[in-house]
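Okay, input-v9.cif is below, mmCIF, C-alpha atoms and all ligand atoms:
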data_target
loop_
_atom_site.group_PDB
_atom_site.id
_atom_site.type_symbol
_atom_site.label_atom_id
_atom_site.label_comp_id
_atom_site.auth_asym_id
_atom_site.auth_seq_id
_atom_site.Cartn_x
_atom_site.Cartn_y
_atom_site.Cartn_z
ATOM 1 C CA MET B 371 0.000 0.000 0.000
ATOM 2 C CA LEU B 372 2.757 2.344 1.035
ATOM 3 C CA THR B 373 4.801 1.439 -2.047
ATOM 4 C CA ALA B 374 1.871 2.061 -4.362
ATOM 5 C CA THR B 375 1.331 5.546 -2.901
ATOM 6 C CA ASN B 376 5.001 6.397 -3.306
ATOM 7 C CA THR B 377 4.963 5.350 -6.938
ATOM 8 C CA GLN B 378 1.945 7.528 -7.608
ATOM 9 C CA TRP B 379 3.624 10.542 -6.035
ATOM 10 C CA CYS B 380 6.762 9.922 -7.989
ATOM 11 C CA ASP B 381 5.184 9.590 -11.427
ATOM 12 C CA PHE B 382 4.182 13.208 -11.901
ATOM 13 C CA PRO B 383 7.457 14.953 -11.041
ATOM 14 C CA CYS B 384 9.503 12.341 -12.907
ATOM 15 C CA GLY B 385 7.447 12.771 -16.071
ATOM 16 C CA LEU B 386 7.648 16.543 -15.758
ATOM 17 C CA MET B 387 11.402 16.408 -15.316
ATOM 18 C CA LEU B 388 11.711 14.311 -18.460
ATOM 19 C CA ILE B 389 9.697 16.849 -20.469
ATOM 20 C CA LEU B 390 11.708 19.771 -19.068
ATOM 21 C CA THR B 391 14.988 18.034 -19.807
ATOM 22 C CA THR B 392 13.865 17.268 -23.355
ATOM 23 C CA LEU B 393 12.842 20.908 -23.879
ATOM 24 C CA LEU B 394 16.186 22.136 -22.568
ATOM 25 C CA VAL B 395 18.118 19.823 -24.850
ATOM 26 C CA VAL B 396 16.009 20.735 -27.883
ATOM 27 C CA SER B 397 16.220 24.499 -27.318
ATOM 28 C CA GLY B 398 19.906 24.253 -26.504
ATOM 29 C CA CYS B 399 20.608 22.556 -29.822
ATOM 30 C CA GLY B 400 18.532 25.146 -31.686
ATOM 31 C CA GLU B 401 20.506 28.064 -30.281
ATOM 32 C CA ALA B 402 23.944 26.581 -30.817
ATOM 33 C CA PRO B 403 24.528 27.562 -34.495
ATOM 34 C CA THR B 404 23.635 31.258 -33.864
ATOM 35 C CA PRO B 405 26.851 33.331 -33.801
ATOM 36 C CA PRO B 406 27.141 35.660 -30.807
ATOM 37 C CA ALA B 407 26.613 39.355 -31.637
ATOM 38 C CA ALA B 408 29.856 40.382 -29.970
ATOM 39 C CA ASP B 409 30.249 43.572 -32.001
ATOM 40 C CA GLN B 410 27.167 45.300 -30.675
ATOM 41 C CA THR B 411 27.219 44.213 -27.049
ATOM 42 C CA ASN B 412 29.628 46.969 -25.985
ATOM 43 C CA GLN B 413 28.227 49.678 -28.216
ATOM 44 C CA MET B 414 25.101 51.778 -28.508
ATOM 45 C CA VAL B 415 23.657 54.560 -30.659
ATOM 46 C CA TYR B 416 24.324 58.152 -29.600
ATOM 47 C CA TYR B 417 23.131 61.480 -30.926
ATOM 48 C CA ASP B 418 25.948 63.976 -31.448
ATOM 49 C CA ARG B 419 24.697 67.405 -30.380
ATOM 50 C CA VAL B 420 27.376 69.140 -32.494
ATOM 51 C CA THR B 421 26.999 67.362 -35.823
ATOM 52 C CA ARG B 422 23.319 66.507 -35.142
ATOM 53 C CA LYS B 423 23.958 63.038 -36.489
ATOM 54 C CA PRO B 424 23.540 59.582 -34.967
ATOM 55 C CA VAL B 425 26.773 57.711 -34.273
ATOM 56 C CA VAL B 426 27.775 54.350 -32.844
ATOM 57 C CA TYR B 427 30.143 54.426 -29.894
ATOM 58 C CA ASN B 428 31.161 52.388 -26.859
ATOM 59 C CA ILE B 429 28.678 52.245 -23.984
ATOM 60 C CA THR B 430 29.627 54.570 -21.130
ATOM 61 C CA ARG B 431 28.307 54.966 -17.623
ATOM 62 C CA GLU B 432 27.995 58.734 -17.675
ATOM 63 C CA PHE B 433 26.100 60.933 -20.095
ATOM 64 C CA PRO B 434 26.695 62.935 -22.101
ATOM 65 C CA ALA B 435 29.608 60.818 -23.265
ATOM 66 C CA ILE B 436 32.908 62.327 -24.371
ATOM 67 C CA HIS B 437 33.333 62.489 -28.138
ATOM 68 C CA PRO B 438 36.668 60.737 -28.818
ATOM 69 C CA ALA B 439 37.641 63.195 -31.578
ATOM 70 C CA THR B 440 36.738 66.507 -29.912
ATOM 71 C CA GLY B 441 37.115 65.537 -26.240
ATOM 72 C CA LYS B 442 33.825 67.312 -25.509
ATOM 73 C CA PRO B 443 30.750 65.766 -23.836
ATOM 74 C CA THR B 444 28.390 65.995 -26.798
ATOM 75 C CA LEU B 445 27.157 62.422 -27.141
ATOM 76 C CA VAL B 446 23.729 61.741 -25.666
ATOM 77 C CA PRO B 447 21.798 58.462 -25.941
ATOM 78 C CA ALA B 448 19.646 58.349 -29.049
ATOM 79 C CA CYS B 449 16.190 56.968 -29.700
ATOM 80 C CA TYR B 450 14.620 56.137 -33.029
ATOM 81 C CA CYS B 451 11.398 57.289 -34.649
ATOM 82 C CA PRO B 452 10.163 54.497 -36.970
ATOM 83 C CA LYS B 453 7.875 56.935 -38.830
ATOM 84 C CA CYS B 454 10.482 59.670 -39.552
ATOM 85 C CA GLN B 455 13.141 56.939 -39.828
ATOM 86 C CA LYS B 456 15.475 59.209 -37.881
ATOM 87 C CA TRP B 457 17.450 59.155 -34.647
ATOM 88 C CA TYR B 458 16.749 61.882 -32.085
ATOM 89 C CA PRO B 459 18.367 62.724 -28.755
ATOM 90 C CA SER B 460 16.776 60.547 -26.092
ATOM 91 C CA PRO B 461 15.268 62.072 -22.933
ATOM 92 C CA PRO B 462 17.132 61.161 -19.724
ATOM 93 C CA LEU B 463 16.226 57.777 -18.250
ATOM 94 C CA GLU B 464 14.706 59.172 -15.043
ATOM 95 C CA ILE B 465 12.366 61.394 -17.051
ATOM 96 C CA ARG B 466 11.427 58.497 -19.342
ATOM 97 C CA GLU B 467 10.483 56.397 -16.339
ATOM 98 C CA ARG B 468 8.327 59.118 -14.795
ATOM 99 C CA ASN B 469 6.682 60.296 -17.993
ATOM 100 C CA PRO B 470 6.384 57.844 -20.926
ATOM 101 C CA GLU B 471 4.943 60.698 -23.038
ATOM 102 C CA VAL B 472 8.446 62.095 -23.579
ATOM 103 C CA MET B 473 9.055 59.190 -25.945
ATOM 104 C CA GLN B 474 6.725 60.854 -28.460
ATOM 105 C CA CYS B 475 8.606 61.959 -31.573
ATOM 106 C CA PRO B 476 9.867 65.589 -31.285
ATOM 107 C CA LYS B 477 8.585 66.229 -34.817
ATOM 108 C CA LYS B 478 5.027 65.520 -33.566
ATOM 109 C CA CYS B 479 4.572 62.899 -36.263
ATOM 110 C CA GLY B 480 2.474 60.883 -33.824
ATOM 111 C CA ALA B 481 4.837 57.937 -33.582
ATOM 112 C CA LYS B 482 6.455 56.737 -30.402
ATOM 113 C CA MET B 483 10.227 56.478 -30.426
ATOM 114 C CA THR B 484 12.039 53.291 -29.568
ATOM 115 C CA LEU B 485 15.505 52.628 -28.198
ATOM 116 C CA THR B 486 16.347 50.357 -31.112
ATOM 117 C CA GLY B 487 16.482 50.945 -34.844
ATOM 118 C CA PRO B 488 18.764 50.545 -37.868
ATOM 119 C CA TRP B 489 22.247 51.389 -36.688
ATOM 120 C CA PRO B 490 23.954 54.435 -38.260
ATOM 121 C CA ASP B 491 26.999 53.861 -40.451
ATOM 122 C CA GLU B 492 29.263 56.214 -38.515
ATOM 123 C CA VAL B 493 31.217 54.390 -35.805
ATOM 124 C CA LEU B 494 33.474 56.412 -33.497
HETATM 125 ZN ZN ZN B 501 8.722 61.027 -36.012
#

Could I get this file's structure written as structure tokens?
Amino acid sequence: MLTATNTQWCDFPCGLMLILTTLLVVSGCGEAPTPPAADQTNQMVYYDRVTRKPVVYNITREFPAIHPATGKPTLVPACYCPKCQKWYPSPPLEIRERNPEVMQCPKKCGAKMTLTGPWPDEVL
């Protein structure tokens, strides 16, 4: 009687474990051929306040970031308007968190800007 109860209790978790393990193996195999995007992990898109153009540069902890050519803090994080297909200077993070409306496009095109988009060609 006791043995039968134990077997019943064991069946469910054991079957679940088997399914989970199978899923892990399957998904693990599926991800393996994908090459890691090492190039973009340390970089982000900035908006240069001097040239008014989007540029790609290394991620920094403090903003605005120092432009490597001029030595001046002119690089601010950029955000992308999918409707204008343009990068604009991004509002500071603390303002974005308090007021999501600031992510509206500055050109009043009605679209909401995102933090991702097609990367600019210019890399600093
Ligand atoms: Zn726009």

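The interatomic distance for the pair CA of Met414 (chain B) and CA of Asp491 (chain B) works out to 12.3 Å.
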
On this file, the PyMOL selection byres (((chain B and resi 479) around 12) and not hetatm) gives some set of residues; write that set as a PyMOL selection string. chain B and resi 451-456+473-478+480-483

With a distance cut-off of 12 Å and all atoms listed in the file, select the neighbouring residues of region 424-440 of chain B, excluding the residue or stretch itself and same-chain residues fewer than 6 positions from it, and output the selection as a PyMOL selection string. chain B and resi 409-418+446-450+455-463+487-494

Go ahead and dump the residues you just picked, C-alpha atoms, as an mmCIF file, in the coordinates of the input.
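Saved result, again19.cif, follows:
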data_model
loop_
_atom_site.group_PDB
_atom_site.id
_atom_site.type_symbol
_atom_site.label_atom_id
_atom_site.label_comp_id
_atom_site.auth_asym_id
_atom_site.auth_seq_id
_atom_site.Cartn_x
_atom_site.Cartn_y
_atom_site.Cartn_z
ATOM 1 C CA ASP B 409 30.249 43.572 -32.001
ATOM 2 C CA GLN B 410 27.167 45.300 -30.675
ATOM 3 C CA THR B 411 27.219 44.213 -27.049
ATOM 4 C CA ASN B 412 29.628 46.969 -25.985
ATOM 5 C CA GLN B 413 28.227 49.678 -28.216
ATOM 6 C CA MET B 414 25.101 51.778 -28.508
ATOM 7 C CA VAL B 415 23.657 54.560 -30.659
ATOM 8 C CA TYR B 416 24.324 58.152 -29.600
ATOM 9 C CA TYR B 417 23.131 61.480 -30.926
ATOM 10 C CA ASP B 418 25.948 63.976 -31.448
ATOM 11 C CA VAL B 446 23.729 61.741 -25.666
ATOM 12 C CA PRO B 447 21.798 58.462 -25.941
ATOM 13 C CA ALA B 448 19.646 58.349 -29.049
ATOM 14 C CA CYS B 449 16.190 56.968 -29.700
ATOM 15 C CA TYR B 450 14.620 56.137 -33.029
ATOM 16 C CA GLN B 455 13.141 56.939 -39.828
ATOM 17 C CA LYS B 456 15.475 59.209 -37.881
ATOM 18 C CA TRP B 457 17.450 59.155 -34.647
ATOM 19 C CA TYR B 458 16.749 61.882 -32.085
ATOM 20 C CA PRO B 459 18.367 62.724 -28.755
ATOM 21 C CA SER B 460 16.776 60.547 -26.092
ATOM 22 C CA PRO B 461 15.268 62.072 -22.933
ATOM 23 C CA PRO B 462 17.132 61.161 -19.724
ATOM 24 C CA LEU B 463 16.226 57.777 -18.250
ATOM 25 C CA GLY B 487 16.482 50.945 -34.844
ATOM 26 C CA PRO B 488 18.764 50.545 -37.868
ATOM 27 C CA TRP B 489 22.247 51.389 -36.688
ATOM 28 C CA PRO B 490 23.954 54.435 -38.260
ATOM 29 C CA ASP B 491 26.999 53.861 -40.451
ATOM 30 C CA GLU B 492 29.263 56.214 -38.515
ATOM 31 C CA VAL B 493 31.217 54.390 -35.805
ATOM 32 C CA LEU B 494 33.474 56.412 -33.497
#

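Going from CA of Lys423 (chain B) to CA of Arg466 (chain B) covers 21.7 Å.
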
Please indicate the distance in Å from CA of Arg422 (chain B) to CA of Pro470 (chain B), rounded to one decimal place. 23.7 Å

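Comparing B:Thr421, B:Asn469, B:Thr484, B:Thr444 by their smallest distance to ligand ZN 501 (chain B), the closest is B:Thr484 (using only C-alpha atoms and all ligand atoms).
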
Just need the box for region 439-454 of chain B, edges along x, y and z, holding every atom the file lists for it with 6 Å tacked onto each side, so centre and edge lengths in Å to one decimal, as AutoDock Vina command-line options.
--center_x 22.8 --center_y 60.9 --center_z -31.7 --size_x 41.8 --size_y 24.8 --size_z 27.7

Can you give me N, CA and C atoms for region 442-455 of chain B, written as a PDB file, keeping the file's coordinate frame?
ATOM      1  N   LYS B 442      34.928  66.581 -26.150  1.00  0.00           N
ATOM      2  CA  LYS B 442      33.825  67.312 -25.509  1.00  0.00           C
ATOM      3  C   LYS B 442      32.630  66.389 -25.263  1.00  0.00           C
ATOM      4  N   PRO B 443      31.919  66.622 -24.154  1.00  0.00           N
ATOM      5  CA  PRO B 443      30.750  65.766 -23.836  1.00  0.00           C
ATOM      6  C   PRO B 443      29.538  66.145 -24.678  1.00  0.00           C
ATOM      7  N   THR B 444      29.490  65.635 -25.888  1.00  0.00           N
ATOM      8  CA  THR B 444      28.390  65.995 -26.798  1.00  0.00           C
ATOM      9  C   THR B 444      27.541  64.797 -27.200  1.00  0.00           C
ATOM     10  N   LEU B 445      27.889  63.616 -26.711  1.00  0.00           N
ATOM     11  CA  LEU B 445      27.157  62.422 -27.141  1.00  0.00           C
ATOM     12  C   LEU B 445      26.084  62.063 -26.125  1.00  0.00           C
ATOM     13  N   VAL B 446      24.832  62.146 -26.544  1.00  0.00           N
ATOM     14  CA  VAL B 446      23.729  61.741 -25.666  1.00  0.00           C
ATOM     15  C   VAL B 446      23.079  60.492 -26.255  1.00  0.00           C
ATOM     16  N   PRO B 447      22.468  59.662 -25.410  1.00  0.00           N
ATOM     17  CA  PRO B 447      21.798  58.462 -25.941  1.00  0.00           C
ATOM     18  C   PRO B 447      20.740  58.853 -26.954  1.00  0.00           C
ATOM     19  N   ALA B 448      20.602  58.043 -27.994  1.00  0.00           N
ATOM     20  CA  ALA B 448      19.646  58.349 -29.049  1.00  0.00           C
ATOM     21  C   ALA B 448      18.466  57.399 -28.995  1.00  0.00           C
ATOM     22  N   CYS B 449      17.323  57.860 -29.495  1.00  0.00           N
ATOM     23  CA  CYS B 449      16.190  56.968 -29.700  1.00  0.00           C
ATOM     24  C   CYS B 449      15.663  57.201 -31.113  1.00  0.00           C
ATOM     25  N   TYR B 450      14.947  56.190 -31.600  1.00  0.00           N
ATOM     26  CA  TYR B 450      14.620  56.137 -33.029  1.00  0.00           C
ATOM     27  C   TYR B 450      13.129  56.299 -33.264  1.00  0.00           C
ATOM     28  N   CYS B 451      12.799  57.153 -34.243  1.00  0.00           N
ATOM     29  CA  CYS B 451      11.398  57.289 -34.649  1.00  0.00           C
ATOM     30  C   CYS B 451      11.178  56.452 -35.908  1.00  0.00           C
ATOM     31  N   PRO B 452      10.366  55.384 -35.813  1.00  0.00           N
ATOM     32  CA  PRO B 452      10.163  54.497 -36.970  1.00  0.00           C
ATOM     33  C   PRO B 452       9.406  55.195 -38.095  1.00  0.00           C
ATOM     34  N   LYS B 453       8.647  56.249 -37.788  1.00  0.00           N
ATOM     35  CA  LYS B 453       7.875  56.935 -38.830  1.00  0.00           C
ATOM     36  C   LYS B 453       8.763  57.914 -39.605  1.00  0.00           C
ATOM     37  N   CYS B 454       9.547  58.737 -38.888  1.00  0.00           N
ATOM     38  CA  CYS B 454      10.482  59.670 -39.552  1.00  0.00           C
ATOM     39  C   CYS B 454      11.708  58.918 -40.057  1.00  0.00           C
ATOM     40  N   GLN B 455      11.939  57.716 -39.527  1.00  0.00           N
ATOM     41  CA  GLN B 455      13.141  56.939 -39.828  1.00  0.00           C
ATOM     42  C   GLN B 455      14.383  57.754 -39.506  1.00  0.00           C
TER      43      GLN B 455
END
